[in-house]
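Structure data follow from target_33.txt (compact mmCIF, C-alpha atoms):
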# COMPACT_ATOMS: atom_id res chain seq x y z
CA LYS A 23 0.00 0.00 0.00
CA ALA A 24 1.13 3.52 -0.65
CA GLY A 25 2.03 5.50 2.43
CA VAL A 26 0.63 8.76 3.68
CA THR A 27 1.32 11.60 1.30
CA GLN A 28 1.40 15.29 2.06
CA THR A 29 1.50 18.21 -0.32
CA PRO A 30 3.21 20.52 -0.70
CA ARG A 31 6.43 19.44 1.01
CA TYR A 32 7.75 22.96 1.43
CA LEU A 33 5.96 26.28 1.57
CA ILE A 34 7.01 29.86 2.17
CA LYS A 35 4.34 32.37 3.05
CA THR A 36 4.16 35.94 4.31
CA ARG A 37 2.58 37.05 7.57
CA GLY A 38 -1.14 37.64 7.18
CA GLN A 39 -1.57 35.20 4.32
CA GLN A 40 -3.43 31.94 4.56
CA VAL A 41 -2.30 28.45 3.62
CA THR A 42 -3.89 25.09 2.86
CA LEU A 43 -2.06 21.82 3.38
CA SER A 44 -3.22 18.49 2.02
CA CYS A 45 -2.94 14.94 3.31
CA SER A 46 -3.85 11.67 1.61
CA PRO A 47 -4.09 8.78 4.06
CA ILE A 48 -3.27 5.15 3.50
CA SER A 49 -5.99 3.44 1.49
CA GLY A 50 -8.68 2.14 3.81
CA HIS A 51 -7.73 4.40 6.71
CA ARG A 52 -10.58 6.58 7.87
CA SER A 53 -8.89 8.60 10.60
CA VAL A 54 -6.54 11.49 9.89
CA SER A 55 -4.75 13.41 12.64
CA TRP A 56 -2.69 16.57 12.26
CA TYR A 57 0.28 17.64 14.36
CA GLN A 58 2.49 20.69 14.50
CA GLN A 59 6.17 20.23 15.29
CA THR A 60 8.40 23.10 16.39
CA PRO A 61 11.77 23.12 18.16
CA GLY A 62 10.28 24.92 21.15
CA GLN A 63 6.97 23.15 21.66
CA GLY A 64 7.73 19.78 20.15
CA LEU A 65 4.93 17.72 18.62
CA GLN A 66 1.49 19.06 19.38
CA PHE A 67 -1.86 17.65 18.35
CA LEU A 68 -4.01 19.90 16.18
CA PHE A 69 -7.14 17.87 15.37
CA GLU A 70 -8.44 14.53 14.19
CA TYR A 71 -11.03 13.66 11.59
CA PHE A 72 -12.91 10.42 11.11
CA SER A 73 -15.47 9.87 8.38
CA GLU A 74 -15.61 13.59 7.62
CA THR A 75 -16.27 14.53 11.26
CA GLN A 76 -13.88 16.28 13.60
CA ARG A 77 -13.73 14.07 16.66
CA ASN A 78 -11.00 15.78 18.59
CA LYS A 79 -9.27 19.14 18.69
CA GLY A 80 -6.12 20.37 20.35
CA ASN A 81 -5.35 23.70 21.96
CA PHE A 82 -4.86 25.88 18.93
CA PRO A 83 -6.56 29.13 17.97
CA GLY A 84 -9.46 29.20 15.56
CA ARG A 85 -7.11 30.27 12.76
CA PHE A 86 -6.29 26.58 12.46
CA SER A 87 -9.03 24.58 10.83
CA GLY A 88 -9.41 21.42 8.86
CA ARG A 89 -11.75 19.18 7.01
CA GLN A 90 -11.98 15.69 5.65
CA PHE A 91 -13.52 14.56 2.42
CA SER A 92 -15.54 11.46 1.65
CA ASN A 93 -12.42 9.71 0.29
CA SER A 94 -10.71 10.36 3.67
CA ARG A 95 -8.30 12.92 2.24
CA SER A 96 -7.87 15.81 4.60
CA GLU A 97 -6.87 19.43 4.40
CA MET A 98 -5.84 21.87 7.07
CA ASN A 99 -5.98 25.60 6.71
CA VAL A 100 -4.20 28.30 8.63
CA SER A 101 -5.48 31.82 8.17
CA THR A 102 -3.78 35.11 9.03
CA LEU A 103 -0.38 33.49 9.32
CA GLU A 104 1.97 34.52 12.10
CA LEU A 105 5.72 34.04 12.34
CA GLY A 106 5.13 31.49 15.10
CA ASP A 107 3.21 29.27 12.70
CA SER A 108 6.50 28.32 11.05
CA ALA A 109 6.72 24.60 11.70
CA LEU A 110 6.69 21.11 10.29
CA TYR A 111 3.07 20.02 9.88
CA LEU A 112 2.57 16.29 10.02
CA CYS A 113 -0.49 14.29 9.25
CA ALA A 114 -1.03 10.72 10.31
CA SER A 115 -3.59 8.14 9.34
CA SER A 116 -4.96 5.08 11.06
CA PRO A 117 -7.83 2.67 10.56
CA GLY A 118 -9.75 4.60 13.20
CA GLN A 119 -10.58 1.74 15.56
CA GLY A 120 -8.38 1.99 18.64
CA PRO A 121 -6.01 1.27 20.10
CA TYR A 122 -3.97 1.84 17.03
CA GLU A 123 -0.67 3.07 15.74
CA GLN A 124 -0.52 6.07 13.47
CA TYR A 125 1.23 6.20 10.13
CA PHE A 126 2.83 9.53 9.45
CA GLY A 127 3.43 11.38 6.23
CA PRO A 128 6.72 13.17 5.46
CA GLY A 129 5.33 16.51 6.58
CA THR A 130 4.96 19.96 5.10
CA ARG A 131 7.63 22.46 6.12
CA LEU A 132 5.93 25.87 6.41
CA THR A 133 8.04 28.98 6.75
CA VAL A 134 6.33 32.28 7.50
CA THR A 135 8.32 35.44 6.77
CA SER B 89 1.52 20.64 26.92
CA GLN B 90 3.65 17.53 26.85
CA GLN B 91 2.40 14.43 28.60
CA GLY B 92 5.75 12.71 28.52
CA GLU B 93 9.22 13.52 29.64
CA GLU B 94 12.07 11.65 28.03
CA ASP B 95 15.45 10.92 29.43
CA PRO B 96 18.14 11.43 28.38
CA GLN B 97 17.61 14.32 25.98
CA ALA B 98 20.62 13.16 23.99
CA LEU B 99 22.55 9.91 23.87
CA SER B 100 25.80 9.23 22.05
CA ILE B 101 27.11 5.67 21.71
CA GLN B 102 29.32 3.47 19.54
CA GLU B 103 28.00 0.97 17.03
CA GLY B 104 27.31 -2.36 18.67
CA GLU B 105 26.42 -0.87 22.04
CA ASN B 106 22.94 -0.90 23.51
CA ALA B 107 20.88 2.28 23.82
CA THR B 108 18.26 2.80 26.52
CA MET B 109 15.77 5.65 26.52
CA ASN B 110 13.22 6.36 29.21
CA CYS B 111 9.85 8.02 29.13
CA SER B 112 7.62 9.15 31.97
CA TYR B 113 4.04 10.32 31.67
CA LYS B 114 1.46 11.88 33.92
CA THR B 115 -2.00 10.43 33.37
CA SER B 116 -3.57 7.02 32.84
CA ILE B 117 -3.11 5.67 29.35
CA ASN B 118 -4.65 3.17 26.94
CA ASN B 119 -1.33 2.48 25.30
CA LEU B 120 2.15 3.87 24.82
CA GLN B 121 3.96 4.00 21.52
CA TRP B 122 7.49 4.69 20.39
CA TYR B 123 8.33 6.48 17.17
CA ARG B 124 11.54 7.31 15.34
CA GLN B 125 12.17 10.47 13.35
CA ASN B 126 15.09 11.05 11.02
CA SER B 127 16.24 14.65 10.51
CA GLY B 128 12.91 16.47 10.64
CA ARG B 129 11.09 14.01 8.46
CA GLY B 130 7.94 12.04 9.21
CA LEU B 131 7.70 9.75 12.18
CA VAL B 132 8.04 5.99 11.84
CA HIS B 133 6.10 3.79 14.22
CA LEU B 134 8.31 1.35 16.13
CA ILE B 135 6.21 -0.41 18.70
CA LEU B 136 2.94 -0.14 20.63
CA ILE B 137 2.48 -1.51 24.14
CA ARG B 138 -0.93 -1.66 25.74
CA SER B 139 -1.55 -0.61 29.32
CA ASN B 140 -2.07 -4.23 30.41
CA GLU B 141 1.26 -5.36 28.93
CA ARG B 142 4.59 -5.16 30.71
CA GLU B 143 7.10 -5.96 28.00
CA LYS B 144 7.18 -6.22 24.24
CA HIS B 145 9.85 -7.13 21.71
CA SER B 146 10.27 -6.34 18.06
CA GLY B 147 13.54 -7.31 16.42
CA ARG B 148 16.31 -5.42 18.23
CA LEU B 149 13.78 -3.36 20.18
CA ARG B 150 12.55 -4.10 23.68
CA VAL B 151 9.96 -1.92 25.37
CA THR B 152 8.87 -2.11 28.97
CA LEU B 153 5.93 -0.41 30.62
CA ASP B 154 5.40 0.19 34.32
CA THR B 155 1.98 1.75 34.79
CA SER B 156 2.44 2.03 38.56
CA LYS B 157 5.42 4.32 37.97
CA LYS B 158 3.95 5.79 34.79
CA SER B 159 7.13 5.07 32.91
CA SER B 160 8.41 3.18 29.90
CA SER B 161 11.78 2.34 28.47
CA LEU B 162 12.99 1.57 24.97
CA LEU B 163 16.07 -0.59 24.56
CA ILE B 164 17.81 -0.84 21.20
CA THR B 165 20.33 -3.66 21.20
CA ALA B 166 23.44 -3.91 19.03
CA SER B 167 22.91 -0.41 17.68
CA ARG B 168 23.89 0.59 14.15
CA ALA B 169 24.78 3.94 12.61
CA ALA B 170 21.42 3.80 10.82
CA ASP B 171 19.68 3.96 14.23
CA THR B 172 20.81 7.58 14.53
CA ALA B 173 17.55 9.52 14.89
CA SER B 174 15.23 11.16 17.39
CA TYR B 175 13.05 8.80 19.38
CA PHE B 176 9.69 9.82 20.82
CA CYS B 177 7.31 8.17 23.18
CA ALA B 178 3.65 8.95 22.67
CA THR B 179 0.70 8.17 24.87
CA ASP B 180 -2.91 7.53 24.05
CA VAL B 181 -4.53 9.01 27.14
CA ALA B 182 -7.32 6.99 28.74
CA GLY B 183 -10.82 8.32 29.13
CA GLY B 184 -12.61 11.17 27.49
CA THR B 185 -12.49 11.78 23.78
CA SER B 186 -8.91 10.87 23.01
CA TYR B 187 -9.68 9.91 19.43
CA GLY B 188 -6.67 10.11 17.19
CA LYS B 189 -4.71 12.11 19.71
CA LEU B 190 -1.24 11.07 20.70
CA THR B 191 0.61 13.12 23.27
CA PHE B 192 4.33 13.15 22.59
CA GLY B 193 7.36 13.54 24.77
CA GLN B 194 10.18 15.90 23.83
CA GLY B 195 12.25 13.07 22.43
CA THR B 196 15.71 11.61 22.81
CA ILE B 197 18.33 12.34 20.16
CA LEU B 198 20.36 9.19 19.60
CA THR B 199 23.69 9.35 17.79
CA VAL B 200 25.42 6.09 16.94
CA HIS B 201 29.03 6.47 15.87
CA PRO B 202 30.46 3.95 13.36
Can you present the structure in this file as structure tokens?
Amino acid sequence: KAGVTQTPRYLIKTRGQQVTLSCSPISGHRSVSWYQQTPGQGLQFLFEYFSETQRNKGNFPGRFSGRQFSNSRSEMNVSTLELGDSALYLCASSPGQGPYEQYFGPGTRLTVT
Amino acid sequence: SQQGEEDPQALSIQEGENATMNCSYKTSINNLQWYRQNSGRGLVHLILIRSNEREKHSGRLRVTLDTSKKSSSLLITASRAADTASYFCATDVAGGTSYGKLTFGQGTILTVHP
């Protein structure tokens, strides 16, 4: 099976802009989780989607949002970008029935200038 | 906030030696997982241990879990240069709506010298 794919891999944006990141899970996986990784805060959970529904959300401002489509592909959007949003954004998929391991994509490196 | 604390933060060893990393966490868990990350890339799942298990093996990896002490350890035996990476423990917190949420420790940076 193909692994989790994320596009784009690298992105440079300016403060105030918005950005959309995409994640395609492993075929058959219905759960997609998103994480932000920074040197200071480490890996932090953003949100999780299962069958197009957000089941869980981390402690991030409303500028961070996401959605999931009927084919389980997911997107996350960050509006009004701030310098502190510069990070590696990782998505992970799993079958959705716990307990389960998560399969991570290579990440999208976002730089905000 | 981080659920787990990992120790040591960095570990440097020679090829062939064993590497041991420790993880402590704060709340009750369903399971604990270990992941590896190479140079800011995606995470690779290594092993999952459930809360009712005490030890698990996978190849050169051995994981222990002590729920009374809220701690886990990862042992990599006969390490290789290719094991050089960051290692993270992640917990699936029990109770509530923990769907799809793993809480990660800060990680241990392992360097294996040839």
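The space separating CA of Arg148 (chain B) from CA of Ala166 (chain B) comes to 7.3 Å.
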Radius query 7 Å about (-0.6, 2.6, 6.9), atoms used: only C-alpha atoms, as an MDAnalysis selection string: chainID A and resid 25 48 115:116 125
Contacts of Lys157 (chain B) at 12 Å (all atoms listed in the file; same-chain gap of 6+ positions) as number ranges by chain: B: 110-116, 142
Long-range neighbours of region 79-90 of chain A as number ranges by chain, 12 Å cut-off, all atoms listed in the file, 2 positions minimum in chain: A: 38-47, 52-58, 65-77, 92-104, 107, 111, 113, 115; B: 89-90, 185-191
Among the residues B:Thr152, B:Thr172, B:Thr179, B:Thr165, the one that comes closest to chain A [using all atoms listed in the file]: B:Thr179
Please find the residues of chain A near chain B - the criterion being any atom within 6 Å, counting only C-alpha atoms - and write them as an mmCIF file with C-alpha atoms, in the coordinates of the input.
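As written to disk, result09.cif reads:
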data_model
loop_
_atom_site.group_PDB
_atom_site.id
_atom_site.type_symbol
_atom_site.label_atom_id
_atom_site.label_comp_id
_atom_site.auth_asym_id
_atom_site.auth_seq_id
_atom_site.Cartn_x
_atom_site.Cartn_y
_atom_site.Cartn_z
ATOM 1 C CA SER A 55 -4.750 13.410 12.640
ATOM 2 C CA GLY A 64 7.730 19.780 20.150
ATOM 3 C CA GLU A 70 -8.440 14.530 14.190
ATOM 4 C CA PHE A 126 2.830 9.530 9.450
ATOM 5 C CA GLY A 127 3.430 11.380 6.230
ATOM 6 C CA PRO A 128 6.720 13.170 5.460
ATOM 7 C CA GLY A 129 5.330 16.510 6.580
#
Between CA of Ala169 (chain B) and CA of Arg124 (chain B), distance in Å (one decimal): 13.9 Å
d(CA of Ala98 (chain B), CA of Asn126 (chain B)) in Å: 14.3 Å
Using all atoms listed in the file, which protein or nucleic acid residues come within 6 Å of Ile164 (chain B)? Drop anything in the same chain fewer than 2 positions from it, and give the result as a short mmCIF file (atom, residue, chain, number, x, y, z; two decimals) with C-alpha atoms, in the coordinates of the input.
data_model
loop_
_atom_site.label_atom_id
_atom_site.label_comp_id
_atom_site.auth_asym_id
_atom_site.auth_seq_id
_atom_site.Cartn_x
_atom_site.Cartn_y
_atom_site.Cartn_z
CA ASN B 106 22.94 -0.90 23.51
CA ALA B 107 20.88 2.28 23.82
CA ARG B 148 16.31 -5.42 18.23
CA LEU B 149 13.78 -3.36 20.18
#
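Residues with any atom within 12 Å of the point (15.6, 23.8, 17.1), counting only C-alpha atoms, are Gln59, Thr60, Pro61, Gly62, Gln63, Gly64, Ser108, Ala109 and Leu110 of chain A; Ser127, Gly128 and Gln194 of chain B.
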Padding 6 Å on every side, please: axis-aligned box over the listed atoms of region 120-126 of chain B, centre and edge lengths to one decimal in Å, as JSON.
{"center_x": 8.6, "center_y": 7.5, "center_z": 17.9, "size_x": 24.9, "size_y": 19.2, "size_z": 25.8}
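Among the candidates B:Val181, B:Ala170, B:Ile197, B:Ile117, the one nearest to Glu103 (chain B) when counting only C-alpha atoms is B:Ala170.
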